[in-house]
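> Coordinates in entry.pdb, PDB, C-alpha atoms and all ligand atoms, are listed below.
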```
MODEL        1
ATOM      1  CA  MET G   1      35.052 -48.249  49.713
ATOM      2  CA  SER G   2      36.128 -48.541  53.353
ATOM      3  CA  ASP G   3      34.600 -51.986  53.900
ATOM      4  CA  CYS G   4      35.896 -53.578  50.695
ATOM      5  CA  LEU G   5      38.572 -56.265  51.100
ATOM      6  CA  PHE G   6      40.279 -55.525  47.781
ATOM      7  CA  CYS G   7      40.231 -51.752  48.371
ATOM      8  CA  LYS G   8      42.031 -52.497  51.648
ATOM      9  CA  ILE G   9      44.629 -54.515  49.721
ATOM     10  CA  ILE G  10      45.096 -51.586  47.314
ATOM     11  CA  GLN G  11      45.574 -49.253  50.295
ATOM     12  CA  GLY G  12      48.087 -51.658  51.871
ATOM     13  CA  GLU G  13      45.881 -52.206  54.914
ATOM     14  CA  ILE G  14      45.764 -55.946  54.184
ATOM     15  CA  PRO G  15      48.896 -57.714  52.879
ATOM     16  CA  ALA G  16      48.966 -59.401  49.489
ATOM     17  CA  ASP G  17      51.592 -61.069  47.345
ATOM     18  CA  ARG G  18      51.757 -58.402  44.621
ATOM     19  CA  VAL G  19      52.992 -59.377  41.156
ATOM     20  CA  TYR G  20      52.213 -56.196  39.184
ATOM     21  CA  GLU G  21      50.976 -52.677  39.807
ATOM     22  CA  ASP G  22      50.491 -49.512  37.777
ATOM     23  CA  ASP G  23      48.407 -46.362  38.156
ATOM     24  CA  ASP G  24      45.170 -48.148  37.266
ATOM     25  CA  VAL G  25      45.435 -51.780  38.325
ATOM     26  CA  LEU G  26      46.917 -54.142  40.893
ATOM     27  CA  ALA G  27      47.639 -57.861  40.456
ATOM     28  CA  PHE G  28      48.305 -60.234  43.340
ATOM     29  CA  LYS G  29      48.322 -63.970  44.035
ATOM     30  CA  ASP G  30      45.033 -65.568  45.039
ATOM     31  CA  ILE G  31      45.174 -66.694  48.667
ATOM     32  CA  HIS G  32      43.482 -70.011  47.792
ATOM     33  CA  PRO G  33      45.008 -70.914  44.408
ATOM     34  CA  LYS G  34      42.945 -73.190  42.162
ATOM     35  CA  ALA G  35      45.823 -73.756  39.702
ATOM     36  CA  PRO G  36      49.653 -73.664  39.980
ATOM     37  CA  THR G  37      49.437 -70.027  38.901
ATOM     38  CA  HIS G  38      46.400 -68.119  40.146
ATOM     39  CA  VAL G  39      46.558 -64.332  40.104
ATOM     40  CA  LEU G  40      43.813 -61.737  40.549
ATOM     41  CA  VAL G  41      43.850 -58.475  38.597
ATOM     42  CA  ILE G  42      41.756 -55.609  39.959
ATOM     43  CA  PRO G  43      41.141 -52.020  38.887
ATOM     44  CA  LYS G  44      42.193 -49.550  41.569
ATOM     45  CA  ALA G  45      38.880 -47.763  41.133
ATOM     46  CA  HIS G  46      36.117 -49.604  42.962
ATOM     47  CA  TYR G  47      33.515 -51.273  40.743
ATOM     48  CA  SER G  48      31.467 -53.842  42.643
ATOM     49  CA  THR G  49      31.063 -56.157  39.716
ATOM     50  CA  PHE G  50      31.780 -56.471  35.980
ATOM     51  CA  SER G  51      28.347 -55.191  35.017
ATOM     52  CA  ASP G  52      28.948 -51.939  36.919
ATOM     53  CA  MET G  53      31.931 -51.067  34.732
ATOM     54  CA  ASP G  54      30.714 -48.147  32.637
ATOM     55  CA  ASP G  55      33.972 -46.553  31.489
ATOM     56  CA  ALA G  56      35.368 -47.934  28.240
ATOM     57  CA  ALA G  57      38.787 -46.380  28.824
ATOM     58  CA  VAL G  58      39.109 -47.936  32.292
ATOM     59  CA  MET G  59      37.860 -51.260  30.952
ATOM     60  CA  GLY G  60      40.372 -51.112  28.131
ATOM     61  CA  ARG G  61      43.287 -50.426  30.467
ATOM     62  CA  PHE G  62      42.061 -53.178  32.792
ATOM     63  CA  MET G  63      41.972 -55.796  30.031
ATOM     64  CA  CYS G  64      45.330 -54.647  28.655
ATOM     65  CA  ALA G  65      46.737 -55.091  32.163
ATOM     66  CA  VAL G  66      45.282 -58.614  32.372
ATOM     67  CA  GLN G  67      47.027 -59.419  29.093
ATOM     68  CA  HIS G  68      50.299 -57.877  30.278
ATOM     69  CA  VAL G  69      50.232 -59.769  33.590
ATOM     70  CA  ALA G  70      49.420 -63.129  31.959
ATOM     71  CA  ASP G  71      51.786 -62.881  28.989
ATOM     72  CA  GLY G  72      54.451 -60.474  30.150
ATOM     73  CA  VAL G  73      54.751 -60.858  33.927
ATOM     74  CA  LEU G  74      53.674 -64.464  34.508
ATOM     75  CA  GLN G  75      54.977 -65.665  31.109
ATOM     76  CA  LEU G  76      52.193 -68.205  30.667
ATOM     77  CA  GLN G  77      53.270 -69.119  27.132
ATOM     78  CA  SER G  78      51.492 -72.479  27.042
ATOM     79  CA  GLY G  79      48.191 -70.831  27.826
ATOM     80  CA  PHE G  80      45.933 -69.594  30.576
ATOM     81  CA  ARG G  81      42.327 -68.922  31.457
ATOM     82  CA  ILE G  82      40.720 -65.607  32.348
ATOM     83  CA  VAL G  83      37.644 -65.837  34.593
ATOM     84  CA  ILE G  84      35.410 -63.010  35.790
ATOM     85  CA  ASN G  85      32.656 -64.176  38.138
ATOM     86  CA  VAL G  86      29.690 -61.805  37.996
ATOM     87  CA  ARG G  87      27.401 -61.448  41.014
ATOM     88  CA  ALA G  88      26.536 -64.210  43.467
ATOM     89  CA  GLY G  89      24.896 -66.416  40.860
ATOM     90  CA  GLY G  90      28.113 -66.326  38.842
ATOM     91  CA  GLY G  91      30.208 -67.359  41.846
ATOM     92  CA  GLN G  92      31.411 -63.887  42.852
ATOM     93  CA  GLU G  93      32.337 -63.712  46.538
ATOM     94  CA  VAL G  94      34.379 -60.508  46.712
ATOM     95  CA  PHE G  95      32.457 -57.519  45.397
ATOM     96  CA  HIS G  96      35.281 -55.553  43.823
ATOM     97  CA  LEU G  97      35.672 -56.344  40.124
ATOM     98  CA  HIS G  98      38.499 -58.802  39.530
ATOM     99  CA  ALA G  99      39.762 -61.083  36.796
ATOM    100  CA  HIS G 100      41.246 -64.458  37.726
ATOM    101  CA  ILE G 101      44.262 -65.568  35.678
ATOM    102  CA  LEU G 102      44.684 -69.334  35.958
ATOM    103  CA  GLY G 103      47.525 -71.308  34.425
ATOM    104  CA  GLY G 104      50.619 -73.396  34.973
ATOM    105  CA  LYS G 105      48.975 -76.683  34.003
ATOM    106  CA  LYS G 106      46.630 -78.072  31.349
ATOM    107  CA  LEU G 107      43.303 -76.779  32.549
ATOM    108  CA  PRO G 108      40.232 -79.051  32.412
ATOM    109  CA  PHE G 109      37.116 -77.494  30.900
TER     110      PHE G 109
HETATM  111  P1  LIG G 201      35.393 -64.582  43.396
HETATM  112  O1  LIG G 201      34.754 -65.851  43.887
HETATM  113  O2  LIG G 201      35.425 -64.477  41.905
HETATM  114  O3  LIG G 201      34.777 -63.366  44.066
HETATM  115  O4  LIG G 201      36.900 -64.669  43.821
HETATM  116  C1  LIG G 201      37.404 -64.120  44.987
HETATM  117  C2  LIG G 201      38.799 -64.672  45.146
HETATM  118  O5  LIG G 201      39.474 -63.870  46.093
HETATM  119  C3  LIG G 201      38.847 -66.112  45.653
HETATM  120  O6  LIG G 201      39.536 -66.925  44.693
HETATM  121  C4  LIG G 201      39.619 -66.006  46.962
HETATM  122  O7  LIG G 201      40.487 -67.095  47.190
HETATM  123  C5  LIG G 201      40.378 -64.693  46.782
HETATM  124  N1  LIG G 201      40.744 -64.013  48.010
HETATM  125  C6  LIG G 201      39.949 -63.757  49.075
HETATM  126  N2  LIG G 201      40.628 -63.066  50.015
HETATM  127  C7  LIG G 201      41.878 -62.875  49.526
HETATM  128  C8  LIG G 201      43.057 -62.237  50.027
HETATM  129  N3  LIG G 201      43.089 -61.635  51.232
HETATM  130  N4  LIG G 201      44.169 -62.252  49.259
HETATM  131  C9  LIG G 201      44.162 -62.851  48.052
HETATM  132  N5  LIG G 201      43.080 -63.456  47.518
HETATM  133  C10 LIG G 201      41.957 -63.478  48.246
HETATM  134 ZN    ZN G 202      36.807 -52.163  46.463
ENDMDL
END
```
The structure in this file should be written as structure tokens.

Amino acid sequence: MSDCLFCKIIQGEIPADRVYEDDDVLAFKDIHPKAPTHVLVIPKAHYSTFSDMDDAAVMGRFMCAVQHVADGVLQLQSGFRIVINVRAGGGQEVFHLHAHILGGKKLPF
């Protein structure tokens, strides 16, 4: 997707503070962090939103990567929150599927 911000980050056309990458996913720090640790995990394949994800294998690798980033890379032992905003009504602003990992403090509900 040539006009997609996160596809441009994957391609290296826009810089990002990368924390993890493999063949299927990329994780990088959110530019406007809402917690001491705030990382976005995205599949490298473009899916506009969560509800467009139609491949169980890709979804499985994506969620395993979220787990690996939160527990293994970021070492958020005390806990964290995973948020996926779905479409505009769910607060989604960037239309490339992404999971927010939030942690580093006791999170309010
Ligand atoms: P959402 O509202 O779920 O679509 O979240 C989009 C997130 O992307 C927001 O938390 C933004 O702060 C973040 N964001 C937007 N542009 C960038 C960027 N260039 N690098 C890192 N994070 C970004
Ligand atoms: Zn994209």
> Around range 13-17 of chain G, with edges along x, y and z and 5 Å added on all six sides, what centre and edge lengths do you get, in Å to one decimal, as lines of an AutoDock Vina configuration file?

```
center_x = 48.7
center_y = -56.6
center_z = 51.1
size_x = 15.8
size_y = 18.9
size_z = 17.6
```
> Go through G:Lys105, G:His100, G:His46, G:Arg61 and flag the residue nearest ligand LIG 201 (chain G), using only C-alpha atoms and all ligand atoms for the distances.
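Of G:Lys105, G:His100, G:His46, G:Arg61, the one nearest ligand LIG 201 (chain G), counting only C-alpha atoms and all ligand atoms, is G:His100.
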> Report, in Å with one decimal, the straight-line distance from CA of Gly103 in chain G to CA of His68 in chain G.
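Distance between the two atoms: 14.3 Å.
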> Using all atoms listed in the file, which residues sit within 9 Å of range 7-23 of chain G once same-chain residues fewer than 6 positions away are excluded, as a list in words?
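Residues meeting the cut-off are Met1, Lys29, Asp30, Ile31, Val39, Val41, Lys44, Ala45, His46, Ala65, Val69, Val73, Leu74 and His96 of chain G.
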> I'd like the contact shell of Ala70 in chain G - 12 Å cut-off, only C-alpha atoms, skipping same-chain residues fewer than 6 positions apart - returned as a PyMOL selection string.
chain G and resi 19-20+27-28+37-41+63-64+76-82+99-104
> Report, in Å with one decimal, the straight-line distance from CA of Asp55 in chain G to CA of Pro43 in chain G.
11.7 Å
> Report, in Å to a single decimal, how far apart atom P1 of ligand LIG 201 (chain G) and CA of Asn85 in chain G are.
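Atom P1 of ligand LIG 201 (chain G) lies 5.9 Å from CA of Asn85 in chain G.
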> Pick out the residues sitting within 6 Å of Ile42 in chain G, and hand them over as a list in words; count all atoms listed in the file, and ignore anything fewer than 6 positions along from it in its own chain.
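The contact residues come out as Val25, Leu26 and His98 of chain G.
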> Take the selection from the previous step and output its residues with C-alpha atoms, as a compact mmCIF listing (two decimals), in the frame of the given file.

```
# COMPACT_ATOMS: atom_id res chain seq x y z
CA VAL G 25 45.44 -51.78 38.33
CA LEU G 26 46.92 -54.14 40.89
CA HIS G 98 38.50 -58.80 39.53
```
> Which is closer to ligand LIG 201 (chain G) than all the others in G:Ser48, G:Phe109, G:Val94, G:Gly89, using all atoms listed in the file?
G:Val94
> Which residue gives the smallest distance to ligand ZN 202 (chain G) among G:Phe95, G:Ile84, G:Ala56, G:Gln75, with only C-alpha atoms and all ligand atoms counted?
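Of G:Phe95, G:Ile84, G:Ala56, G:Gln75, the one nearest ligand ZN 202 (chain G) is G:Phe95, counting only C-alpha atoms and all ligand atoms.
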> Can you work out which one of G:Asp3, G:Asp71, G:Leu107, G:Leu97 has the shortest atom-to-atom distance to Met59 in chain G, counting all atoms listed in the file?
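Closest to Met59 in chain G, using all atoms listed in the file: G:Leu97.
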> Just checking: using only C-alpha atoms and all ligand atoms, which residue out of G:Glu93, G:Lys106, G:Tyr47, G:Ala35 ends up closest to ligand LIG 201 (chain G)?
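Result for the nearest residue to ligand LIG 201 (chain G): G:Glu93.
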> Which residue out of G:Ser2, G:His32, G:Arg87, G:Gln92 has the minimum interatomic distance to ligand ZN 202 (chain G) when all atoms listed in the file are used?
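Looking only at the distances to ligand ZN 202 (chain G), the closest residue turns out to be G:Ser2.
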